[in-house]
Amino acid sequence: MKGVLNKDQIAALGIAGGWTMGLPDFVRYGDLDTYNHVNNKVYHAWFENIRVLYVRSLGVDFEASMEIKPVVRSASIIFNAPMFQDEEYITLCRISRLGRTSFTIDYAVWVAGVLRVTGDSVMVMVNADASAAVPVPDNLREIMITHDGAKTE
């Protein structure tokens, strides 16, 4: 993936925390609210972008015909400091927790050595029609544990 940072590239930038994927970008005018800082809903979009990139990198294809697929159960954001137009940033992610049918993806927005925003989403694996939770497949579990250091429950 062009422009996407891996674990080693992130660490080389001095970003601590074991982040496994980073996506550099900059704040656009359309990201701003009436106070001229990034609107809170935009962070959810940034986190969604990196989440989809990351989950696809694990081999998950988001076709409607999938037998099992990950869906968002919950999402939260903590705002540490505002962001403004033209600021360059890196959206970061890693999988921190792994349950039987769910996993947690942590997110952060890094700007010049400071984490401005953090967040997470709990993902649940479901069957094709999303009517029941199903176990996280063993091949994904192994990647989440070995690559991300996800803690198991």
# chains A, B, ... in the order shown; residues from 1 in each chain; ligands from 1
$ select_by_dssp --residues "chain A" --states "alpha helix (DSSP H)" --output "PyMOL selection string"
chain A and resi 7-12+40-57+138-146
$ write_last_selection --atoms "N, CA and C atoms" --output "mmCIF file, in the first residue's frame"
data_model
loop_
_atom_site.group_PDB
_atom_site.id
_atom_site.type_symbol
_atom_site.label_atom_id
_atom_site.label_comp_id
_atom_site.auth_asym_id
_atom_site.auth_seq_id
_atom_site.Cartn_x
_atom_site.Cartn_y
_atom_site.Cartn_z
ATOM 1 N N LYS A 7 5.313 -1.118 10.964
ATOM 2 C CA LYS A 7 5.759 -1.053 12.356
ATOM 3 C C LYS A 7 7.166 -0.465 12.494
ATOM 4 N N ASP A 8 8.100 -0.919 11.642
ATOM 5 C CA ASP A 8 9.478 -0.436 11.716
ATOM 6 C C ASP A 8 9.598 1.031 11.327
ATOM 7 N N GLN A 9 8.866 1.445 10.308
ATOM 8 C CA GLN A 9 8.903 2.852 9.878
ATOM 9 C C GLN A 9 8.329 3.772 10.951
ATOM 10 N N ILE A 10 7.281 3.319 11.607
ATOM 11 C CA ILE A 10 6.670 4.106 12.687
ATOM 12 C C ILE A 10 7.662 4.257 13.843
ATOM 13 N N ALA A 11 8.286 3.160 14.231
ATOM 14 C CA ALA A 11 9.264 3.200 15.325
ATOM 15 C C ALA A 11 10.443 4.099 14.966
ATOM 16 N N ALA A 12 10.867 4.081 13.697
ATOM 17 C CA ALA A 12 11.997 4.910 13.255
ATOM 18 C C ALA A 12 11.684 6.401 13.370
ATOM 19 N N ASN A 40 -15.118 16.736 15.186
ATOM 20 C CA ASN A 40 -14.979 15.444 15.865
ATOM 21 C C ASN A 40 -15.372 14.255 14.993
ATOM 22 N N LYS A 41 -16.325 14.413 14.086
ATOM 23 C CA LYS A 41 -16.732 13.279 13.240
ATOM 24 C C LYS A 41 -15.641 12.890 12.248
ATOM 25 N N VAL A 42 -14.750 13.808 11.926
ATOM 26 C CA VAL A 42 -13.679 13.529 10.972
ATOM 27 C C VAL A 42 -12.713 12.488 11.535
ATOM 28 N N TYR A 43 -12.465 12.523 12.834
ATOM 29 C CA TYR A 43 -11.571 11.533 13.437
ATOM 30 C C TYR A 43 -12.122 10.118 13.246
ATOM 31 N N HIS A 44 -13.438 9.974 13.351
ATOM 32 C CA HIS A 44 -14.039 8.654 13.102
ATOM 33 C C HIS A 44 -13.749 8.197 11.673
ATOM 34 N N ALA A 45 -13.814 9.110 10.714
ATOM 35 C CA ALA A 45 -13.517 8.763 9.316
ATOM 36 C C ALA A 45 -12.042 8.378 9.160
ATOM 37 N N TRP A 46 -11.147 9.127 9.799
ATOM 38 C CA TRP A 46 -9.720 8.790 9.729
ATOM 39 C C TRP A 46 -9.483 7.400 10.310
ATOM 40 N N PHE A 47 -10.127 7.104 11.446
ATOM 41 C CA PHE A 47 -9.965 5.798 12.078
ATOM 42 C C PHE A 47 -10.574 4.696 11.211
ATOM 43 N N GLU A 48 -11.689 4.989 10.579
ATOM 44 C CA GLU A 48 -12.294 4.007 9.679
ATOM 45 C C GLU A 48 -11.366 3.703 8.500
ATOM 46 N N ASN A 49 -10.764 4.738 7.925
ATOM 47 C CA ASN A 49 -9.848 4.532 6.798
ATOM 48 C C ASN A 49 -8.718 3.575 7.162
ATOM 49 N N ILE A 50 -8.063 3.824 8.282
ATOM 50 C CA ILE A 50 -6.935 2.967 8.640
ATOM 51 C C ILE A 50 -7.423 1.590 9.085
ATOM 52 N N ARG A 51 -8.592 1.528 9.709
ATOM 53 C CA ARG A 51 -9.141 0.227 10.116
ATOM 54 C C ARG A 51 -9.375 -0.661 8.890
ATOM 55 N N VAL A 52 -9.985 -0.110 7.857
ATOM 56 C CA VAL A 52 -10.248 -0.888 6.644
ATOM 57 C C VAL A 52 -8.939 -1.309 5.983
ATOM 58 N N LEU A 53 -7.978 -0.386 5.883
ATOM 59 C CA LEU A 53 -6.673 -0.745 5.325
ATOM 60 C C LEU A 53 -6.021 -1.869 6.124
ATOM 61 N N TYR A 54 -6.066 -1.753 7.434
ATOM 62 C CA TYR A 54 -5.423 -2.755 8.279
ATOM 63 C C TYR A 54 -6.109 -4.112 8.152
ATOM 64 N N VAL A 55 -7.421 -4.140 8.257
ATOM 65 C CA VAL A 55 -8.136 -5.410 8.196
ATOM 66 C C VAL A 55 -7.958 -6.057 6.819
ATOM 67 N N ARG A 56 -7.946 -5.251 5.761
ATOM 68 C CA ARG A 56 -7.655 -5.801 4.430
ATOM 69 C C ARG A 56 -6.250 -6.382 4.377
ATOM 70 N N SER A 57 -5.293 -5.753 5.045
ATOM 71 C CA SER A 57 -3.918 -6.266 5.044
ATOM 72 C C SER A 57 -3.826 -7.625 5.732
ATOM 73 N N ASP A 138 -8.577 -18.706 13.320
ATOM 74 C CA ASP A 138 -7.252 -18.982 13.891
ATOM 75 C C ASP A 138 -6.128 -18.252 13.164
ATOM 76 N N ASN A 139 -6.198 -18.161 11.823
ATOM 77 C CA ASN A 139 -5.125 -17.479 11.086
ATOM 78 C C ASN A 139 -5.058 -15.996 11.439
ATOM 79 N N LEU A 140 -6.203 -15.357 11.653
ATOM 80 C CA LEU A 140 -6.213 -13.947 12.071
ATOM 81 C C LEU A 140 -5.737 -13.812 13.512
ATOM 82 N N ARG A 141 -6.149 -14.731 14.368
ATOM 83 C CA ARG A 141 -5.722 -14.699 15.770
ATOM 84 C C ARG A 141 -4.198 -14.719 15.860
ATOM 85 N N GLU A 142 -3.585 -15.603 15.082
ATOM 86 C CA GLU A 142 -2.135 -15.732 15.127
ATOM 87 C C GLU A 142 -1.448 -14.433 14.712
ATOM 88 N N ILE A 143 -1.930 -13.802 13.645
ATOM 89 C CA ILE A 143 -1.350 -12.531 13.184
ATOM 90 C C ILE A 143 -1.527 -11.444 14.243
ATOM 91 N N MET A 144 -2.731 -11.370 14.815
ATOM 92 C CA MET A 144 -3.003 -10.334 15.811
ATOM 93 C C MET A 144 -2.112 -10.478 17.045
ATOM 94 N N ILE A 145 -1.807 -11.706 17.391
ATOM 95 C CA ILE A 145 -0.967 -11.955 18.570
ATOM 96 C C ILE A 145 0.501 -11.729 18.230
ATOM 97 N N THR A 146 0.977 -12.309 17.126
ATOM 98 C CA THR A 146 2.411 -12.230 16.812
ATOM 99 C C THR A 146 2.828 -10.887 16.241
#
$ residues_around --residues "region 108-121 of chain A" --least-positions-apart "5" --cutoff "12 Å" --atoms "only C-alpha atoms" --output "mmCIF file with N, CA and C atoms, in the first residue's frame"
data_model
loop_
_atom_site.group_PDB
_atom_site.id
_atom_site.type_symbol
_atom_site.label_atom_id
_atom_site.label_comp_id
_atom_site.auth_asym_id
_atom_site.auth_seq_id
_atom_site.Cartn_x
_atom_site.Cartn_y
_atom_site.Cartn_z
ATOM 1 N N ILE A 10 7.281 3.319 11.607
ATOM 2 C CA ILE A 10 6.670 4.106 12.687
ATOM 3 C C ILE A 10 7.662 4.257 13.843
ATOM 4 N N ALA A 11 8.286 3.160 14.231
ATOM 5 C CA ALA A 11 9.264 3.200 15.325
ATOM 6 C C ALA A 11 10.443 4.099 14.966
ATOM 7 N N LEU A 13 10.410 6.754 13.363
ATOM 8 C CA LEU A 13 10.002 8.149 13.536
ATOM 9 C C LEU A 13 9.986 8.559 15.016
ATOM 10 N N GLY A 14 10.284 7.602 15.892
ATOM 11 C CA GLY A 14 10.296 7.894 17.325
ATOM 12 C C GLY A 14 8.929 7.803 17.967
ATOM 13 N N ILE A 15 7.987 7.160 17.283
ATOM 14 C CA ILE A 15 6.633 7.012 17.823
ATOM 15 C C ILE A 15 6.591 5.720 18.630
ATOM 16 N N ALA A 16 6.449 5.854 19.944
ATOM 17 C CA ALA A 16 6.409 4.691 20.830
ATOM 18 C C ALA A 16 5.007 4.104 20.880
ATOM 19 N N GLY A 17 4.922 2.870 21.342
ATOM 20 C CA GLY A 17 3.616 2.271 21.590
ATOM 21 C C GLY A 17 3.315 1.023 20.800
ATOM 22 N N GLY A 18 4.232 0.580 19.963
ATOM 23 C CA GLY A 18 4.004 -0.659 19.231
ATOM 24 C C GLY A 18 2.943 -0.569 18.156
ATOM 25 N N TRP A 19 2.753 0.610 17.588
ATOM 26 C CA TRP A 19 1.778 0.780 16.515
ATOM 27 C C TRP A 19 2.214 -0.027 15.298
ATOM 28 N N THR A 20 1.267 -0.671 14.633
ATOM 29 C CA THR A 20 1.625 -1.581 13.543
ATOM 30 C C THR A 20 1.300 -1.054 12.155
ATOM 31 N N MET A 21 0.507 -0.012 12.061
ATOM 32 C CA MET A 21 0.241 0.620 10.767
ATOM 33 C C MET A 21 0.050 2.113 10.985
ATOM 34 N N GLY A 22 0.582 2.908 10.058
ATOM 35 C CA GLY A 22 0.419 4.357 10.107
ATOM 36 C C GLY A 22 0.053 4.889 8.740
ATOM 37 N N LEU A 23 -0.753 5.921 8.711
ATOM 38 C CA LEU A 23 -1.194 6.527 7.460
ATOM 39 C C LEU A 23 -0.970 8.036 7.533
ATOM 40 N N PRO A 24 0.093 8.536 6.878
ATOM 41 C CA PRO A 24 0.358 9.980 6.885
ATOM 42 C C PRO A 24 -0.665 10.742 6.035
ATOM 43 N N ASP A 25 -1.015 11.929 6.463
ATOM 44 C CA ASP A 25 -1.941 12.783 5.715
ATOM 45 C C ASP A 25 -1.820 14.205 6.266
ATOM 46 N N PHE A 26 -2.709 15.081 5.844
ATOM 47 C CA PHE A 26 -2.743 16.446 6.363
ATOM 48 C C PHE A 26 -4.191 16.889 6.503
ATOM 49 N N VAL A 27 -4.427 17.878 7.359
ATOM 50 C CA VAL A 27 -5.775 18.385 7.606
ATOM 51 C C VAL A 27 -6.221 19.254 6.427
ATOM 52 N N VAL A 38 -10.390 20.637 13.559
ATOM 53 C CA VAL A 38 -10.945 19.419 12.973
ATOM 54 C C VAL A 38 -12.226 19.028 13.714
ATOM 55 N N ASN A 40 -15.118 16.736 15.186
ATOM 56 C CA ASN A 40 -14.979 15.444 15.865
ATOM 57 C C ASN A 40 -15.372 14.255 14.993
ATOM 58 N N VAL A 42 -14.750 13.808 11.926
ATOM 59 C CA VAL A 42 -13.679 13.529 10.972
ATOM 60 C C VAL A 42 -12.713 12.488 11.535
ATOM 61 N N TYR A 43 -12.465 12.523 12.834
ATOM 62 C CA TYR A 43 -11.571 11.533 13.437
ATOM 63 C C TYR A 43 -12.122 10.118 13.246
ATOM 64 N N HIS A 44 -13.438 9.974 13.351
ATOM 65 C CA HIS A 44 -14.039 8.654 13.102
ATOM 66 C C HIS A 44 -13.749 8.197 11.673
ATOM 67 N N TRP A 46 -11.147 9.127 9.799
ATOM 68 C CA TRP A 46 -9.720 8.790 9.729
ATOM 69 C C TRP A 46 -9.483 7.400 10.310
ATOM 70 N N PHE A 47 -10.127 7.104 11.446
ATOM 71 C CA PHE A 47 -9.965 5.798 12.078
ATOM 72 C C PHE A 47 -10.574 4.696 11.211
ATOM 73 N N GLU A 48 -11.689 4.989 10.579
ATOM 74 C CA GLU A 48 -12.294 4.007 9.679
ATOM 75 C C GLU A 48 -11.366 3.703 8.500
ATOM 76 N N ILE A 50 -8.063 3.824 8.282
ATOM 77 C CA ILE A 50 -6.935 2.967 8.640
ATOM 78 C C ILE A 50 -7.423 1.590 9.085
ATOM 79 N N ARG A 51 -8.592 1.528 9.709
ATOM 80 C CA ARG A 51 -9.141 0.227 10.116
ATOM 81 C C ARG A 51 -9.375 -0.661 8.890
ATOM 82 N N PRO A 70 -15.901 -8.814 9.965
ATOM 83 C CA PRO A 70 -15.838 -7.986 11.169
ATOM 84 C C PRO A 70 -16.789 -6.790 11.049
ATOM 85 N N VAL A 71 -17.474 -6.482 12.142
ATOM 86 C CA VAL A 71 -18.336 -5.301 12.206
ATOM 87 C C VAL A 71 -17.984 -4.505 13.462
ATOM 88 N N VAL A 72 -18.258 -3.214 13.437
ATOM 89 C CA VAL A 72 -17.977 -2.358 14.590
ATOM 90 C C VAL A 72 -19.069 -2.548 15.641
ATOM 91 N N ARG A 73 -18.654 -2.873 16.850
ATOM 92 C CA ARG A 73 -19.579 -3.000 17.982
ATOM 93 C C ARG A 73 -19.666 -1.682 18.736
ATOM 94 N N SER A 74 -18.496 -1.048 18.913
ATOM 95 C CA SER A 74 -18.458 0.249 19.589
ATOM 96 C C SER A 74 -17.219 1.004 19.146
ATOM 97 N N ALA A 75 -17.272 2.324 19.301
ATOM 98 C CA ALA A 75 -16.131 3.181 18.952
ATOM 99 C C ALA A 75 -16.092 4.351 19.919
ATOM 100 N N SER A 76 -14.873 4.724 20.312
ATOM 101 C CA SER A 76 -14.733 5.869 21.216
ATOM 102 C C SER A 76 -13.498 6.671 20.846
ATOM 103 N N ILE A 77 -13.545 7.945 21.214
ATOM 104 C CA ILE A 77 -12.446 8.863 20.915
ATOM 105 C C ILE A 77 -12.196 9.741 22.137
ATOM 106 N N ILE A 78 -10.911 9.988 22.414
ATOM 107 C CA ILE A 78 -10.517 10.933 23.460
ATOM 108 C C ILE A 78 -9.721 12.039 22.781
ATOM 109 N N PHE A 79 -10.183 13.267 22.955
ATOM 110 C CA PHE A 79 -9.554 14.428 22.332
ATOM 111 C C PHE A 79 -8.574 15.056 23.319
ATOM 112 N N ASN A 80 -7.299 15.075 22.957
ATOM 113 C CA ASN A 80 -6.276 15.633 23.837
ATOM 114 C C ASN A 80 -5.938 17.078 23.495
ATOM 115 N N ALA A 81 -5.987 17.408 22.199
ATOM 116 C CA ALA A 81 -5.666 18.767 21.752
ATOM 117 C C ALA A 81 -6.257 18.957 20.353
ATOM 118 N N PRO A 82 -6.667 20.182 20.018
ATOM 119 C CA PRO A 82 -7.262 20.415 18.700
ATOM 120 C C PRO A 82 -6.234 20.314 17.574
ATOM 121 N N MET A 83 -6.765 20.123 16.382
ATOM 122 C CA MET A 83 -5.934 20.103 15.175
ATOM 123 C C MET A 83 -6.484 21.130 14.198
ATOM 124 N N PHE A 84 -5.590 21.677 13.369
ATOM 125 C CA PHE A 84 -5.957 22.791 12.507
ATOM 126 C C PHE A 84 -5.560 22.534 11.055
ATOM 127 N N ASP A 86 -4.059 22.275 7.471
ATOM 128 C CA ASP A 86 -2.719 22.057 6.915
ATOM 129 C C ASP A 86 -1.756 21.333 7.842
ATOM 130 N N GLU A 87 -2.157 21.002 9.067
ATOM 131 C CA GLU A 87 -1.259 20.237 9.933
ATOM 132 C C GLU A 87 -1.060 18.847 9.334
ATOM 133 N N GLU A 88 0.190 18.405 9.330
ATOM 134 C CA GLU A 88 0.499 17.050 8.895
ATOM 135 C C GLU A 88 0.391 16.126 10.101
ATOM 136 N N TYR A 89 -0.145 14.936 9.871
ATOM 137 C CA TYR A 89 -0.353 13.992 10.959
ATOM 138 C C TYR A 89 -0.190 12.566 10.443
ATOM 139 N N ILE A 90 -0.117 11.638 11.387
ATOM 140 C CA ILE A 90 -0.106 10.215 11.065
ATOM 141 C C ILE A 90 -1.194 9.552 11.904
ATOM 142 N N THR A 91 -2.135 8.888 11.245
ATOM 143 C CA THR A 91 -3.118 8.072 11.944
ATOM 144 C C THR A 91 -2.490 6.706 12.167
ATOM 145 N N LEU A 92 -2.575 6.210 13.389
ATOM 146 C CA LEU A 92 -1.924 4.963 13.783
ATOM 147 C C LEU A 92 -2.954 3.944 14.260
ATOM 148 N N CYS A 93 -2.618 2.652 14.108
ATOM 149 C CA CYS A 93 -3.488 1.624 14.677
ATOM 150 C C CYS A 93 -2.689 0.402 15.094
ATOM 151 N N ARG A 94 -3.314 -0.388 15.953
ATOM 152 C CA ARG A 94 -2.784 -1.676 16.403
ATOM 153 C C ARG A 94 -3.939 -2.438 17.046
ATOM 154 N N ILE A 95 -3.827 -3.731 17.063
ATOM 155 C CA ILE A 95 -4.830 -4.549 17.743
ATOM 156 C C ILE A 95 -4.283 -4.856 19.128
ATOM 157 N N SER A 96 -5.027 -4.453 20.152
ATOM 158 C CA SER A 96 -4.526 -4.577 21.522
ATOM 159 C C SER A 96 -5.149 -5.713 22.308
ATOM 160 N N ARG A 97 -6.359 -6.117 21.942
ATOM 161 C CA ARG A 97 -7.074 -7.131 22.722
ATOM 162 C C ARG A 97 -7.748 -8.095 21.766
ATOM 163 N N SER A 102 -14.288 -11.348 19.304
ATOM 164 C CA SER A 102 -14.082 -9.915 19.104
ATOM 165 C C SER A 102 -12.616 -9.532 19.272
ATOM 166 N N PHE A 103 -12.302 -8.313 18.830
ATOM 167 C CA PHE A 103 -10.969 -7.761 19.027
ATOM 168 C C PHE A 103 -11.083 -6.247 19.104
#
$ atom_distance --atom1 "CA of Ala133 (chain A)" --atom2 "CA of Thr101 (chain A)"
6.2 Å
$ select_by_dssp --residues "chain A" --states "strand (DSSP E)" --output "number ranges by chain"
A: 5-6, 21-26, 68-79, 88-98, 102-111, 114-127, 151-152
$ atom_distance --atom1 "CA of Val124 (chain A)" --atom2 "CA of Asp31 (chain A)"
28.8 Å
